[in-house]
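One structure is given here, and the rest of the page talks about it.
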Amino acid sequence: MAVLQIYDRLLQFPLFQGMSRDDLEIVAGHTRFGFLKVTAGREVIRAGDPCTHLFFLINGTLKIETFSDDSRYSVIEQMSSPYILQQESIFGYYQRYTHNFYAQTDVNFLTLDKEEVIRLTEDFLVFRLNLMNHLATQSQKLIQSLWRRSPQTLQERISRFFFQHALYPAGAKTFHILMERLAEEVNDSRLDVSRVLNRMQADGLLELHRGRIEIPQLERLLM
């Protein structure tokens with residue numbers, strides 16, 4: 001990929017936003033980027049793989065699958081470019097991916113190994129601040145979530161469960177979960193959960209299937 005093309009791609013990502021044109025030209029011309037193409041349907045990364053690189057999705061759509069610790073339920077969602085795969089996992093206590101990533105369509109990535117990431121944080125203040133802002137924002141959102149008003153109804157508790165287990169709080173989600181397990185998660189009876197879910201289905205908020213709940217637009221659950 002030519003330097004000009006890399007330059008244009010980098011402008012899509014928050015890590016590089018705010019950098020001067022001169023700095024971006026230096027990054028595009030002197031950084032060891034890798035290039036990866038994955039065809040539709042193929043696995044890109046599996047949960048548990050070590051996070052040794054940043055993967056910058058420059059075109060295409062990914063399917064992202066996340067399992068509970070006991071593997072008894074999971075959620076599937078889609079993410080389109082531009083998107084960076086779990087950039088927070090390249091540092092910290094647990095430097096491994098926690099989601100399965102598959103190519104929903106043909107996808108292309110720019111990749112950047114950890115040594116290059118460290119070099120960029122040392123050489124470019126804006127890059128360092130952008131990375132710090134990303135990590136700080138994630139931490140702040142997590143802390144704030146602990147202080148939100150508790151859900152007052154069972155439907156609110158169910159909706160919060162869906163939101164808490166999604167990477168992005170909008171768009172289509174597929175939850176593979178049994179009614180009994182969902183009832184455990186929201187601390188209510190299976191019968192009451194079933195009644196609320198059927199009411200939400202009647203309102204067009206979700207679709208119920210055997211062991212699966214399809215949510216066309218997660219953000220509508222807040223309405």
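Naming works like this for the structure tokens: A, B, ... for the chains as they're shown, residue 1 at the start of each chain, ligands 1 onward in shown order.
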
Item to check | For region 117-125 of chain A: contacts at 9 Å, only C-alpha atoms, fewer than 5 positions along chain excluded, given as a ChimeraX atom specification | outcome: /A:19,23,27,31,53-54,112,130-131

Those residues you just picked out, can you put them in a file as a short mmCIF file (atom, residue, chain, number, x, y, z; two decimals), in the first residue's frame with all heavy atoms?
```cif
data_model
loop_
_atom_site.label_atom_id
_atom_site.label_comp_id
_atom_site.auth_asym_id
_atom_site.auth_seq_id
_atom_site.Cartn_x
_atom_site.Cartn_y
_atom_site.Cartn_z
N MET A 19 -3.18 14.78 14.89
CA MET A 19 -1.76 14.85 14.53
C MET A 19 -1.59 15.78 13.35
O MET A 19 -2.46 15.88 12.48
CB MET A 19 -1.23 13.45 14.19
CG MET A 19 -1.23 12.49 15.37
SD MET A 19 -0.58 10.84 14.98
CE MET A 19 1.16 11.21 14.79
N ASP A 23 3.51 15.15 10.88
CA ASP A 23 3.65 13.96 11.72
C ASP A 23 3.00 12.74 11.07
O ASP A 23 3.56 11.63 11.11
CB ASP A 23 3.03 14.21 13.10
CG ASP A 23 3.93 15.06 13.99
OD1 ASP A 23 5.10 15.26 13.62
OD2 ASP A 23 3.45 15.52 15.05
N VAL A 27 4.63 9.16 10.12
CA VAL A 27 4.08 7.89 10.57
C VAL A 27 3.82 6.97 9.37
O VAL A 27 4.19 5.79 9.37
CB VAL A 27 2.78 8.10 11.36
CG1 VAL A 27 2.08 6.76 11.63
CG2 VAL A 27 3.06 8.82 12.67
N THR A 31 6.71 3.96 9.56
CA THR A 31 6.21 2.97 10.50
C THR A 31 6.03 1.64 9.79
O THR A 31 5.55 1.59 8.65
CB THR A 31 4.86 3.43 11.10
OG1 THR A 31 5.04 4.71 11.72
CG2 THR A 31 4.37 2.44 12.14
N HIS A 53 -0.47 -7.29 18.48
CA HIS A 53 -0.58 -6.29 17.41
C HIS A 53 -1.88 -5.51 17.59
O HIS A 53 -2.85 -6.01 18.18
CB HIS A 53 -0.62 -6.95 16.02
CG HIS A 53 0.67 -7.57 15.60
ND1 HIS A 53 1.18 -8.70 16.19
CD2 HIS A 53 1.55 -7.21 14.62
CE1 HIS A 53 2.32 -9.02 15.61
NE2 HIS A 53 2.57 -8.14 14.66
N LEU A 54 -1.91 -4.31 17.05
CA LEU A 54 -3.17 -3.60 16.84
C LEU A 54 -3.65 -3.92 15.43
O LEU A 54 -2.87 -3.86 14.47
CB LEU A 54 -3.00 -2.10 17.00
CG LEU A 54 -2.75 -1.56 18.41
CD1 LEU A 54 -2.70 -0.04 18.39
CD2 LEU A 54 -3.80 -2.05 19.39
N LEU A 112 -0.17 -3.34 13.35
CA LEU A 112 0.93 -2.61 13.98
C LEU A 112 1.36 -3.41 15.20
O LEU A 112 0.56 -3.63 16.11
CB LEU A 112 0.45 -1.22 14.39
CG LEU A 112 1.48 -0.12 14.68
CD1 LEU A 112 2.37 0.12 13.47
CD2 LEU A 112 0.75 1.16 15.08
N ASN A 130 -4.05 10.35 22.66
CA ASN A 130 -5.22 9.67 22.12
C ASN A 130 -5.39 8.28 22.73
O ASN A 130 -6.50 7.85 23.05
CB ASN A 130 -5.13 9.56 20.60
CG ASN A 130 -5.36 10.89 19.91
OD1 ASN A 130 -5.97 11.80 20.46
ND2 ASN A 130 -4.89 11.01 18.68
N LEU A 131 -4.28 7.57 22.88
CA LEU A 131 -4.34 6.24 23.49
C LEU A 131 -4.74 6.35 24.96
O LEU A 131 -5.60 5.58 25.44
CB LEU A 131 -2.99 5.55 23.35
CG LEU A 131 -2.89 4.13 23.93
CD1 LEU A 131 -3.92 3.21 23.27
CD2 LEU A 131 -1.48 3.57 23.75
#
```

Checklist entry - Quick one: residues within 12 Å of Met79 (chain A), only C-alpha atoms counted, chain neighbours fewer than 3 positions away excluded, as a list in words? => result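 Once the adjacent positions are removed, what remains is Leu57, Ile58, Asn59, Gly60, Thr61, Leu62, Lys63, Ile64, Glu65, Ile76, Pro82, Tyr83, Ile84, Leu85, Phe101, Tyr102, Ala103, Gln104, Thr105, Val107, Ala166, Leu167, Tyr168, Pro169, Ala170, Gly171, Ala172 and Lys173 of chain A.
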
Given the selection you just returned, output its residues as a file containing N, CA, C and O atoms, formatted as a short mmCIF file (atom, residue, chain, number, x, y, z; two decimals), in the first residue's frame.
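File result36.cif, as written:
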```
data_model
loop_
_atom_site.label_atom_id
_atom_site.label_comp_id
_atom_site.auth_asym_id
_atom_site.auth_seq_id
_atom_site.Cartn_x
_atom_site.Cartn_y
_atom_site.Cartn_z
N LEU A 57 -9.14 -2.14 11.21
CA LEU A 57 -10.05 -2.57 10.13
C LEU A 57 -10.27 -1.38 9.20
O LEU A 57 -10.88 -0.39 9.59
N ILE A 58 -9.77 -1.49 7.96
CA ILE A 58 -9.87 -0.36 7.04
C ILE A 58 -11.01 -0.50 6.04
O ILE A 58 -11.44 0.48 5.45
N ASN A 59 -11.50 -1.71 5.84
CA ASN A 59 -12.76 -1.88 5.10
C ASN A 59 -13.36 -3.25 5.38
O ASN A 59 -12.67 -4.18 5.79
N GLY A 60 -14.67 -3.33 5.19
CA GLY A 60 -15.39 -4.57 5.45
C GLY A 60 -16.09 -4.57 6.79
O GLY A 60 -16.07 -3.58 7.54
N THR A 61 -16.72 -5.71 7.11
CA THR A 61 -17.51 -5.86 8.33
C THR A 61 -17.10 -7.13 9.06
O THR A 61 -16.92 -8.18 8.44
N LEU A 62 -16.98 -7.02 10.38
CA LEU A 62 -16.63 -8.14 11.23
C LEU A 62 -17.85 -8.66 11.98
O LEU A 62 -18.74 -7.89 12.34
N LYS A 63 -17.86 -9.95 12.24
CA LYS A 63 -18.79 -10.55 13.20
C LYS A 63 -18.01 -10.79 14.48
O LYS A 63 -16.93 -11.39 14.45
N ILE A 64 -18.54 -10.31 15.61
CA ILE A 64 -17.84 -10.42 16.88
C ILE A 64 -18.69 -11.28 17.82
O ILE A 64 -19.87 -11.00 18.04
N GLU A 65 -18.08 -12.30 18.36
CA GLU A 65 -18.77 -13.25 19.23
C GLU A 65 -18.11 -13.24 20.61
O GLU A 65 -16.90 -13.38 20.72
N ILE A 76 -23.64 -12.07 19.69
CA ILE A 76 -23.01 -11.84 18.39
C ILE A 76 -23.44 -10.47 17.89
O ILE A 76 -24.62 -10.12 17.94
N PRO A 82 -14.37 2.20 10.03
CA PRO A 82 -13.07 1.96 10.65
C PRO A 82 -13.25 1.48 12.10
O PRO A 82 -14.12 1.96 12.82
N TYR A 83 -12.41 0.54 12.50
CA TYR A 83 -12.54 -0.05 13.83
C TYR A 83 -11.20 -0.65 14.23
O TYR A 83 -10.52 -1.27 13.41
N ILE A 84 -10.82 -0.49 15.49
CA ILE A 84 -9.59 -1.08 16.02
C ILE A 84 -9.98 -2.21 16.97
O ILE A 84 -10.79 -2.01 17.89
N LEU A 85 -9.43 -3.38 16.76
CA LEU A 85 -9.79 -4.55 17.56
C LEU A 85 -9.13 -4.50 18.93
O LEU A 85 -7.91 -4.60 19.05
N PHE A 101 -13.36 -12.96 16.56
CA PHE A 101 -13.62 -12.06 15.44
C PHE A 101 -13.61 -12.87 14.15
O PHE A 101 -12.67 -13.63 13.89
N TYR A 102 -14.66 -12.71 13.36
CA TYR A 102 -14.77 -13.38 12.06
C TYR A 102 -15.02 -12.34 10.98
O TYR A 102 -15.62 -11.28 11.25
N ALA A 103 -14.60 -12.65 9.77
CA ALA A 103 -14.88 -11.76 8.64
C ALA A 103 -16.31 -11.99 8.17
O ALA A 103 -16.64 -13.05 7.68
N GLN A 104 -17.15 -10.98 8.37
CA GLN A 104 -18.54 -11.07 7.88
C GLN A 104 -18.55 -10.89 6.35
O GLN A 104 -19.29 -11.54 5.65
N THR A 105 -17.73 -9.97 5.89
CA THR A 105 -17.47 -9.77 4.47
C THR A 105 -15.96 -9.90 4.28
O THR A 105 -15.23 -10.13 5.24
N VAL A 107 -12.49 -8.60 4.41
CA VAL A 107 -12.01 -7.48 5.24
C VAL A 107 -10.52 -7.27 5.00
O VAL A 107 -9.78 -8.18 4.63
N ALA A 166 -23.05 -5.87 25.41
CA ALA A 166 -22.80 -5.48 24.02
C ALA A 166 -21.58 -4.58 23.96
O ALA A 166 -21.36 -3.74 24.84
N LEU A 167 -20.78 -4.76 22.92
CA LEU A 167 -19.61 -3.89 22.73
C LEU A 167 -20.03 -2.48 22.34
O LEU A 167 -19.43 -1.51 22.76
N TYR A 168 -21.06 -2.40 21.50
CA TYR A 168 -21.53 -1.11 21.00
C TYR A 168 -23.01 -1.00 21.31
O TYR A 168 -23.78 -1.92 20.99
N PRO A 169 -23.46 0.10 21.93
CA PRO A 169 -24.83 0.19 22.43
C PRO A 169 -25.88 0.53 21.38
O PRO A 169 -26.80 1.31 21.62
N ALA A 170 -25.76 -0.05 20.20
CA ALA A 170 -26.73 0.19 19.13
C ALA A 170 -26.56 -0.90 18.09
O ALA A 170 -25.58 -1.65 18.09
N GLY A 171 -27.54 -0.99 17.20
CA GLY A 171 -27.44 -1.94 16.10
C GLY A 171 -27.99 -3.32 16.46
O GLY A 171 -28.52 -3.55 17.55
N ALA A 172 -27.83 -4.24 15.52
CA ALA A 172 -28.37 -5.59 15.68
C ALA A 172 -27.50 -6.43 16.60
O ALA A 172 -26.28 -6.40 16.51
N LYS A 173 -28.16 -7.22 17.47
CA LYS A 173 -27.46 -8.13 18.38
C LYS A 173 -28.21 -9.47 18.37
O LYS A 173 -29.43 -9.51 18.29
#
```

Checklist entry - A:Arg21, A:Arg46, A:Phe33, A:Ser81: which is nearest Glu116 (chain A), counting only C-alpha atoms? => result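 Nearest to Glu116 (chain A): A:Phe33.
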
Next on the checklist: Let's see if you can do this: from backbone DSSP, list all strand (DSSP E) residues in region 4-222 of chain A, as a PyMOL selection string.
Outcome noted: chain A and resi 34-38+43-45+53-59+61-67+74-80+83-84+100-103+107-113+173-176+207-209+212-215

Item to check | Top pick for closest residue to Leu129 (chain A), considering A:Ala40, A:Gly18, A:Gln12, A:Ile215 and counting only C-alpha atoms | outcome: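 Of A:Ala40, A:Gly18, A:Gln12, A:Ile215, the one nearest Leu129 (chain A), counting only C-alpha atoms, is A:Gly18.
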
Checklist entry - When distances are computed from only C-alpha atoms, which of A:Gln87, A:Thr98, A:Ser150, A:Gln78 shows the smallest separation from His134 (chain A)? => result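 Of A:Gln87, A:Thr98, A:Ser150, A:Gln78, the one nearest His134 (chain A) is A:Gln87, counting only C-alpha atoms.
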